[in-house]
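Written out below as structure tokens is the structure these notes cover.
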Amino acid sequence: MAMGGCVTDTARELACRDGRAATHLKLISICVIFFTSVVGISSPVFLARVFHGKPVYDKVTLLIKCFAAGVILSTSLVHVLPDSFAALADCQVSSRHPWKDFPFSGLITMFGVLLALLVDVTATSHVDSAKPGHYSPIGTREEQPDGLGKKSTESQFESVAVVVSCHDRQAEELAKLKQRMVSQVLEIGIIFHSVIIGVTMGMSQNRCTIKPLVAALAFHQIFEGMGLGGCIAQAGFSYGTVAYMCFMFSVTTPMGIVLGMVVFSATGYDDSSPKALISEGLLGSLSSGILIYMALVDLIAVDFFHNKLMSSNPWLKKASYVALTLGSASMSILALWA
């Protein structure tokens with residue numbers, strides 16, 4: 001039965017195989033995907049800049065981030081992980097040792113989660129080590145002459161206020177550093193996914209597969225870009241860093257398509273060969289594990305359980321949950337086409 005399925009799939013692919021038409025569609029897809037990627041990742045960054053300094057700024061960025069978390073979670077569980085399982089479950093791979101003996105997709109996904117945890121713990125420990133260890137002791141009233149008691153008490157209150165203010169500033173700075181680290185690790189995971197998509201599409205000569213993918217990937221990049229852009233917007237990067245991160249996301253999939261075309265023209269490497277399917281499955285599983293961890297631990301858990309603004313505003317918590325659900329649903333619906 002498995003071999004029959006392979007033969008049927010091969011016959012269908014041969015009927016749709018047209019190198020010239022596939023190349024034309026790929027060139028169109030490079031322009032379309034680049035444009036939609038720019039629009040997707042720039043939108044939340046632009047909105048954050050527009051609302052910056054206004055009373056609703058914190059609430060808007062929080063809602064954008066929750067929508068982004070839903071997009072990232074759906075990307076990992078509905079798009080990347082099933083594709084990885086499907087690649088390693090293909091009859092050309094699953095009929096061989098050791099791929100038929102062990103669920104490698106789940107193993108590599110777990111490794112991706114543990115790798116993201118290691119990076120998270122290491123970065124957090126490095127950030128925490130930068131905290132000041134102590135403050136200079138504050139003088140007490142008993143240490144001052146009687147005539148200066150009132151003045152000393154006032155000075156003490158001022159010193160306490162300064163220390164509290166320093167604590168608040170340090171907490172904000174640590175939160176910014178953590179958010180920057182989360183954004184960077186997220187971009188790494190998404191870039192893995194984007195390269196896999198681009199290279200696979202670039203090597204494919206199947207016009208029947210590429211044609212619907214162009215429109216589907218355009219919307220896919222918009223929502224995935226909004227997810228990453230929402231995290232970048234809250235991280236407080238400099239203009240140069242924001243521009244660089246947006247540019248890297250926007251060009252990764254088009255560059256992957258070009259790389260796939262070059263590899264195919266130079267080697268004739270087939271995207272449906274066992275080696276290509278194994279590479280796609282393993283890299284996709286690793287990317288999925290990283291994205292699952294970042295979405296659940298560093299985005300959703302942090303905001304819903306450790307965000308003071310959300311804890312003090314019940315309506316904001318409800319709105320954030322709606323934004324999270326909308327982000328997940330929007331990205332999940334795209335799985336019907338890509």
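Residue numbering restarts at 1 in every chain; chains get A, B, ... in the order shown in the structure tokens, and ligands count up from 1 in that same order.
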
As an MDAnalysis selection string, please: every residue in segment 12-103 of chain A that a backbone DSSP assignment puts in alpha helix (DSSP H).
chainID A and resid 12:16 19:51 57:74 81:89 91:94

Within 12 Å of segment 47-53 of chain A using only C-alpha atoms, minus same-chain residues under 2 positions, as a short mmCIF file (atom, residue, chain, number, x, y, z; two decimals) with N, CA, C and O atoms, in the first residue's frame:
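What follows is the written file selection13.cif:
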data_model
loop_
_atom_site.label_atom_id
_atom_site.label_comp_id
_atom_site.auth_asym_id
_atom_site.auth_seq_id
_atom_site.Cartn_x
_atom_site.Cartn_y
_atom_site.Cartn_z
N VAL A 39 5.44 44.35 4.63
CA VAL A 39 4.19 44.88 5.18
C VAL A 39 3.87 44.24 6.53
O VAL A 39 3.52 44.92 7.50
N GLY A 40 4.03 42.91 6.62
CA GLY A 40 3.68 42.21 7.84
C GLY A 40 4.53 42.61 9.03
O GLY A 40 4.01 42.92 10.11
N ILE A 41 5.85 42.64 8.87
CA ILE A 41 6.72 42.92 10.01
C ILE A 41 6.77 44.41 10.34
O ILE A 41 7.01 44.80 11.48
N SER A 42 6.51 45.28 9.35
CA SER A 42 6.58 46.72 9.59
C SER A 42 5.32 47.26 10.25
O SER A 42 5.39 48.28 10.96
N SER A 43 4.18 46.61 10.04
CA SER A 43 2.91 47.14 10.57
C SER A 43 2.91 47.32 12.08
O SER A 43 2.62 48.41 12.58
N PRO A 44 3.23 46.28 12.89
CA PRO A 44 3.23 46.48 14.34
C PRO A 44 4.31 47.44 14.81
O PRO A 44 4.10 48.19 15.77
N VAL A 45 5.46 47.46 14.12
CA VAL A 45 6.52 48.39 14.49
C VAL A 45 6.06 49.83 14.24
O VAL A 45 6.26 50.72 15.08
N PRO A 55 -0.99 57.85 26.14
CA PRO A 55 -1.45 57.06 27.31
C PRO A 55 -1.76 55.60 26.99
O PRO A 55 -1.62 54.73 27.84
N VAL A 56 -2.18 55.33 25.76
CA VAL A 56 -2.58 53.96 25.41
C VAL A 56 -1.41 53.14 24.85
O VAL A 56 -1.61 51.98 24.43
N TYR A 57 -0.21 53.71 24.86
CA TYR A 57 0.94 53.03 24.23
C TYR A 57 1.17 51.64 24.82
O TYR A 57 1.29 50.65 24.08
N ASP A 58 1.24 51.54 26.15
CA ASP A 58 1.53 50.26 26.80
C ASP A 58 0.45 49.22 26.49
O ASP A 58 0.74 48.04 26.27
N LYS A 59 -0.81 49.68 26.48
CA LYS A 59 -1.91 48.75 26.20
C LYS A 59 -1.88 48.27 24.75
O LYS A 59 -2.11 47.08 24.47
N VAL A 60 -1.60 49.18 23.81
CA VAL A 60 -1.55 48.81 22.40
C VAL A 60 -0.42 47.82 22.14
O VAL A 60 -0.62 46.80 21.47
N THR A 61 0.76 48.08 22.69
CA THR A 61 1.89 47.17 22.47
C THR A 61 1.63 45.81 23.11
O THR A 61 2.04 44.77 22.56
N LEU A 62 0.92 45.79 24.24
CA LEU A 62 0.60 44.51 24.89
C LEU A 62 -0.36 43.70 24.02
O LEU A 62 -0.18 42.48 23.85
N LEU A 63 -1.38 44.36 23.47
CA LEU A 63 -2.33 43.66 22.60
C LEU A 63 -1.64 43.15 21.33
O LEU A 63 -1.92 42.04 20.87
N ILE A 64 -0.75 43.96 20.76
CA ILE A 64 0.00 43.53 19.58
C ILE A 64 0.85 42.31 19.90
O ILE A 64 0.91 41.34 19.14
N LYS A 65 1.47 42.33 21.08
CA LYS A 65 2.33 41.21 21.47
C LYS A 65 1.51 39.93 21.69
O LYS A 65 1.96 38.83 21.34
N MET A 226 3.82 39.91 11.36
CA MET A 226 3.14 40.63 12.44
C MET A 226 3.50 40.04 13.79
O MET A 226 3.65 40.77 14.78
N GLY A 229 7.13 41.13 14.37
CA GLY A 229 7.16 42.59 14.51
C GLY A 229 6.57 43.06 15.82
O GLY A 229 7.04 44.05 16.41
N GLY A 230 5.53 42.36 16.32
CA GLY A 230 4.95 42.73 17.62
C GLY A 230 5.95 42.58 18.75
O GLY A 230 5.98 43.40 19.68
N CYS A 231 6.78 41.55 18.68
CA CYS A 231 7.81 41.35 19.72
C CYS A 231 8.93 42.38 19.58
O CYS A 231 9.42 42.91 20.57
N ILE A 232 9.32 42.67 18.34
CA ILE A 232 10.37 43.66 18.12
C ILE A 232 9.92 45.04 18.59
O ILE A 232 10.69 45.80 19.18
N ALA A 233 8.64 45.36 18.35
CA ALA A 233 8.12 46.67 18.72
C ALA A 233 8.19 46.91 20.22
O ALA A 233 8.42 48.04 20.67
N GLN A 234 8.01 45.85 21.02
CA GLN A 234 8.01 46.02 22.47
C GLN A 234 9.41 45.95 23.07
O GLN A 234 9.62 46.29 24.23
N ALA A 235 10.39 45.52 22.28
CA ALA A 235 11.73 45.31 22.82
C ALA A 235 12.54 46.59 22.96
O ALA A 235 13.54 46.62 23.67
N GLY A 236 12.11 47.65 22.28
CA GLY A 236 12.82 48.93 22.42
C GLY A 236 14.19 48.95 21.76
O GLY A 236 15.12 49.56 22.28
N PHE A 237 14.33 48.28 20.61
CA PHE A 237 15.59 48.32 19.88
C PHE A 237 15.81 49.71 19.27
O PHE A 237 14.87 50.49 19.12
N SER A 238 17.06 49.97 18.89
CA SER A 238 17.35 51.20 18.16
C SER A 238 16.79 51.09 16.74
O SER A 238 16.46 50.00 16.27
N TYR A 239 16.69 52.23 16.06
CA TYR A 239 16.14 52.24 14.70
C TYR A 239 16.94 51.34 13.77
O TYR A 239 16.38 50.62 12.93
N VAL A 242 16.16 47.63 14.51
CA VAL A 242 14.81 47.30 14.03
C VAL A 242 14.82 47.14 12.52
O VAL A 242 14.25 46.18 11.97
#

I want to know what sits within 9 Å of Ala86 of chain A, based on only C-alpha atoms, with residues of the same chain fewer than 5 positions away left out; could you give that as a list in words?
Leu81, Leu277 and Gly281 of chain A

How about saving the chosen residues, C-alpha atoms kept, as a CSV table (one decimal), in the first residue's frame?
chain,number,residue,atom,x,y,z
A,81,LEU,CA,5.4,20.6,13.2
A,277,LEU,CA,12.9,15.1,3.1
A,281,GLY,CA,11.9,17.1,8.7

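Shortest atom-to-atom contact with Val32 of chain A among A:Gln221, A:Ser287, A:Ser183, A:Asn307: A:Gln221, counting only C-alpha atoms.
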
Rounded to one decimal in Å, what is the spacing between atom CA of Phe305 of chain A and atom CA of Leu228 of chain A?
21.1 Å

Using only C-alpha atoms, which residues sit within 10 Å of Leu117 of chain A once same-chain residues fewer than 2 positions away are excluded, as an MDAnalysis selection string?
chainID A and resid 111:115 119:123 290 293:294 297:298

Keeping only C-alpha atoms, take the residues you just selected and write them out as a PDB file, in the first residue's frame.
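Now in part.pdb:
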ATOM      1  CA  PHE A 111      15.602  18.972  21.597  1.00  0.00           C
ATOM      2  CA  GLY A 112      14.554  22.340  20.151  1.00  0.00           C
ATOM      3  CA  VAL A 113      12.532  23.102  23.293  1.00  0.00           C
ATOM      4  CA  LEU A 114      15.466  22.172  25.536  1.00  0.00           C
ATOM      5  CA  LEU A 115      17.857  24.201  23.375  1.00  0.00           C
ATOM      6  CA  VAL A 119      19.593  29.798  25.663  1.00  0.00           C
ATOM      7  CA  ASP A 120      16.897  31.430  27.811  1.00  0.00           C
ATOM      8  CA  VAL A 121      18.458  30.356  31.117  1.00  0.00           C
ATOM      9  CA  THR A 122      21.972  31.339  30.013  1.00  0.00           C
ATOM     10  CA  ALA A 123      20.881  34.765  28.785  1.00  0.00           C
ATOM     11  CA  ILE A 290      12.147  26.622  19.514  1.00  0.00           C
ATOM     12  CA  TYR A 293       8.946  27.216  23.807  1.00  0.00           C
ATOM     13  CA  MET A 294       9.207  30.913  22.957  1.00  0.00           C
ATOM     14  CA  VAL A 297       7.064  30.466  28.019  1.00  0.00           C
ATOM     15  CA  ASP A 298       8.512  33.811  26.941  1.00  0.00           C
TER      16      ASP A 298
END

Which residues of segment 13-45 of chain A have any atom within 6 Å of an atom in segment 250-261 of chain A when counting only C-alpha atoms, and what is the closest pair of atoms for each, with the distance in Å to one decimal? Order the rows by chain and rising number and write it as a tab-separated table.
residue	atom	partner	partner_atom	distance
A:Ile30	CA	A:Pro254	CA	4.9
A:Phe34	CA	A:Ser250	CA	5.5
A:Ser37	CA	A:Ser250	CA	4.9
A:Val38	CA	A:Ser250	CA	5.5

So that I have them on file, write out the residues from the current selection with all heavy atoms, as a PDB file, in the first residue's frame.
ATOM      1  N   ILE A  30       8.970  35.547  -5.460  1.00  0.00           N
ATOM      2  CA  ILE A  30      10.036  36.276  -4.772  1.00  0.00           C
ATOM      3  C   ILE A  30       9.602  37.715  -4.508  1.00  0.00           C
ATOM      4  O   ILE A  30       9.746  38.233  -3.388  1.00  0.00           O
ATOM      5  CB  ILE A  30      11.345  36.238  -5.599  1.00  0.00           C
ATOM      6  CG1 ILE A  30      11.939  34.832  -5.579  1.00  0.00           C
ATOM      7  CG2 ILE A  30      12.358  37.249  -5.064  1.00  0.00           C
ATOM      8  CD1 ILE A  30      13.108  34.654  -6.521  1.00  0.00           C
ATOM      9  N   PHE A  34       8.428  39.024  -0.722  1.00  0.00           N
ATOM     10  CA  PHE A  34       9.233  40.101  -0.134  1.00  0.00           C
ATOM     11  C   PHE A  34       8.342  41.277   0.272  1.00  0.00           C
ATOM     12  O   PHE A  34       8.464  41.808   1.384  1.00  0.00           O
ATOM     13  CB  PHE A  34      10.297  40.577  -1.126  1.00  0.00           C
ATOM     14  CG  PHE A  34      11.088  41.762  -0.632  1.00  0.00           C
ATOM     15  CD1 PHE A  34      12.075  41.598   0.333  1.00  0.00           C
ATOM     16  CD2 PHE A  34      10.839  43.028  -1.130  1.00  0.00           C
ATOM     17  CE1 PHE A  34      12.803  42.694   0.799  1.00  0.00           C
ATOM     18  CE2 PHE A  34      11.560  44.132  -0.671  1.00  0.00           C
ATOM     19  CZ  PHE A  34      12.549  43.960   0.291  1.00  0.00           C
ATOM     20  N   SER A  37       6.132  40.370   3.250  1.00  0.00           N
ATOM     21  CA  SER A  37       6.947  40.241   4.461  1.00  0.00           C
ATOM     22  C   SER A  37       7.242  41.617   5.057  1.00  0.00           C
ATOM     23  O   SER A  37       7.166  41.814   6.277  1.00  0.00           O
ATOM     24  CB  SER A  37       8.258  39.515   4.148  1.00  0.00           C
ATOM     25  OG  SER A  37       8.026  38.213   3.689  1.00  0.00           O
ATOM     26  N   VAL A  38       7.572  42.571   4.181  1.00  0.00           N
ATOM     27  CA  VAL A  38       7.841  43.937   4.645  1.00  0.00           C
ATOM     28  C   VAL A  38       6.596  44.535   5.291  1.00  0.00           C
ATOM     29  O   VAL A  38       6.664  45.150   6.370  1.00  0.00           O
ATOM     30  CB  VAL A  38       8.326  44.819   3.468  1.00  0.00           C
ATOM     31  CG1 VAL A  38       8.382  46.283   3.890  1.00  0.00           C
ATOM     32  CG2 VAL A  38       9.688  44.360   2.985  1.00  0.00           C
TER      33      VAL A  38
END

Nearest to Met201 of chain A among A:Asp90, A:Glu280, A:Glu224, A:Asp101, with distances taken over only C-alpha atoms: which residue is it?
A:Glu280
